[in-house]
Amino acid sequence: MRLEYPQANALLATAQRILVLTHALPDGDAIGSMRGLAFALANQGKSVICAVDEGTPENLAFLPGAADVLPNLNTPPAVDLVIVTDCSDERRIGKVGQVAKSLGLPLINLDHHRTNTMFGVANIVDPDTASASEGVLDWLEVLGFAVTAEAAQCLLCGLITDTMCFRTNSTTAKTLERAMHLMRAGADLNGIVQRTVNRIPTSAIQLWAKVMPTVQIRDHVIWATISLEAAQEVGADGKSGNLVSLLLQADDAYISCVLRELPDGIISAGLRAKPGFDIATVAVALGGGGHTLAAGAEIACSLNEAEARVLPMLWAAATEGTLLYV
Ligand SMILES: [Mn+2]
């Protein structure tokens, strides 16, 4: 854990124009933490710009301020501070991150991934929070900044999606307290649940129908492969409906893995584990990162090569751990 609040607060105090970024292929916590922080800073009279590669995905368009998130920084913005949320390393900030880096500005790194590389001038990284959005809420409390209703809605979205609605082992009493605080500040819990964890793209179900025949389970590791061809047949927009978490529910499985073929010879490996196991170490060894129970990596190889490389590592991780809730 690194909570460099004094350094971060000093940078924030002298900054008037702030660029807030998050990780590419943003999820609910990425957009939620970024937009939530932006609303709270704007409420303090700061001028704030948000950007993420490709902009806000359609499934998160319901969040306040979602449409104001820039999809690129082709015109480099005039800002004096950069804040990055929910991002374990600089590479994950994508193209907008490269532009931000070229500006040579101080950067605050606010995250909750245990594998965070501490790439900021000031780092606020608390792996004990279930979401980066909670890290934002804690920082706002330290700063004495108000949590507006719009900020609360964004931050609760991050908390709900990263805990899969309070289902992950990262969920603590403190998480519930923060959720309560955000609801009292005006966030709509059920509205968020219905639009996020209770909803997946229809194309994801169609993709499941295609790739379920690839599912195998051996020695407590369950896995599936998604070829480029299978994804193209259903016109899937890159969403697998969190298939990797669905697979982990198999009662014999300790660890789940979805290997998905991306264009340009890249395989994305999504990894999940039940409490008692550690797949963050595997993800880091593959050049990726994440949490103990939810991690991932991108590997330049074919689907077959990825299976040959990743599965032995997962079997080793399954042997090294012990299932906590038998
Ligand atoms: Mn997160």
# chains A, B, ... in the order shown; residues from 1 in each chain; ligands from 1
>>> select_by_dssp(residues="segment 40-217 of chain A", states="helix (DSSP H, G or I)", output="PyMOL selection string")
chain A and resi 40-42+58-60+66-68+90-102+132-143+149-162+173-184+189-195+202-214
>>> residues_around(residues="segment 177-190 of chain A", least_positions_apart="2", cutoff="8 Å", atoms="only C-alpha atoms", output="ChimeraX atom specification")
/A:134,137,147-150,152-156,159,173-175,192-194
>>> write_last_selection(atoms="C-alpha atoms", output="tab-separated table (two decimals), in the first residue's frame")
chain	number	residue	atom	x	y	z
A	134	GLU	CA	-13.26	3.65	-3.35
A	137	LEU	CA	-13.77	8.42	-2.31
A	147	VAL	CA	-19.07	14.11	-3.12
A	148	THR	CA	-21.74	15.46	-5.47
A	149	ALA	CA	-24.66	13.25	-6.55
A	150	GLU	CA	-23.09	12.85	-9.99
A	152	ALA	CA	-21.47	9.42	-6.15
A	153	GLN	CA	-23.29	7.73	-9.05
A	154	CYS	CA	-20.00	7.24	-10.94
A	155	LEU	CA	-18.08	5.99	-7.89
A	156	LEU	CA	-20.81	3.55	-6.84
A	159	LEU	CA	-17.58	-0.17	-6.60
A	173	ALA	CA	-17.33	-3.99	5.85
A	174	LYS	CA	-15.55	-0.79	4.77
A	175	THR	CA	-16.67	-1.44	1.16
A	192	ILE	CA	-26.50	0.74	-11.53
A	193	VAL	CA	-27.03	-2.98	-10.83
A	194	GLN	CA	-29.64	-3.30	-13.59
>>> residues_around(residues="Asn109 of chain A", least_positions_apart="3", cutoff="9 Å", atoms="only C-alpha atoms", output="VMD selection string")
chain A and resid 8 82 to 88 118 to 125
>>> residues_near_ligand(ligand="ligand 1", cutoff="7 Å", atoms="only C-alpha atoms and all ligand atoms", output="number ranges by chain")
A: 29-30, 86, 112, 131-132, 162
>>> closest_residue(among="A:Asp264, A:Glu229, A:Asp138, A:Asp89", to="Ala24 of chain A", atoms="only C-alpha atoms")
A:Asp89
>>> closest_residue(among="A:Ala66, A:Leu25, A:Asp219, A:Glu54", to="Pro312 of chain A", atoms="only C-alpha atoms")
A:Asp219
>>> select_by_dssp(residues="segment 33-269 of chain A", states="strand (DSSP E)", output="number ranges by chain")
A: 47-51, 81-85, 107-111, 122-125, 216-218, 221-226, 255-262, 266-269
>>> residues_around(residues="Ser256 of chain A", least_positions_apart="5", cutoff="6 Å", atoms="only C-alpha atoms", output="list in words")
Val221, Ile222, Trp223, Val244, Leu248, Leu271 and Arg272 of chain A
>>> residues_around(residues="Gly265 of chain A", least_positions_apart="3", cutoff="7 Å", atoms="only C-alpha atoms", output="JSON, numbers by chain")
{"A": [262, 300, 301, 302]}
>>> closest_residue(among="A:Leu323, A:Ala317, A:Met164, A:Leu73", to="Asp53 of chain A", atoms="only C-alpha atoms")
A:Leu73
>>> residues_around(residues="Ala204 of chain A", least_positions_apart="4", cutoff="10 Å", atoms="only C-alpha atoms", output="list of chain:residue names")
A:Ile200, A:Trp208, A:Ala209, A:Lys210, A:Ala231, A:Val234, A:Gly235, A:Ala236, A:Asp237, A:Gly238, A:Lys239, A:Ser240, A:Gly241, A:Asn242, A:Leu243
>>> residues_around(residues="segment 282-287 of chain A", least_positions_apart="4", cutoff="7 Å", atoms="only C-alpha atoms", output="ChimeraX atom specification")
/A:295-297,313
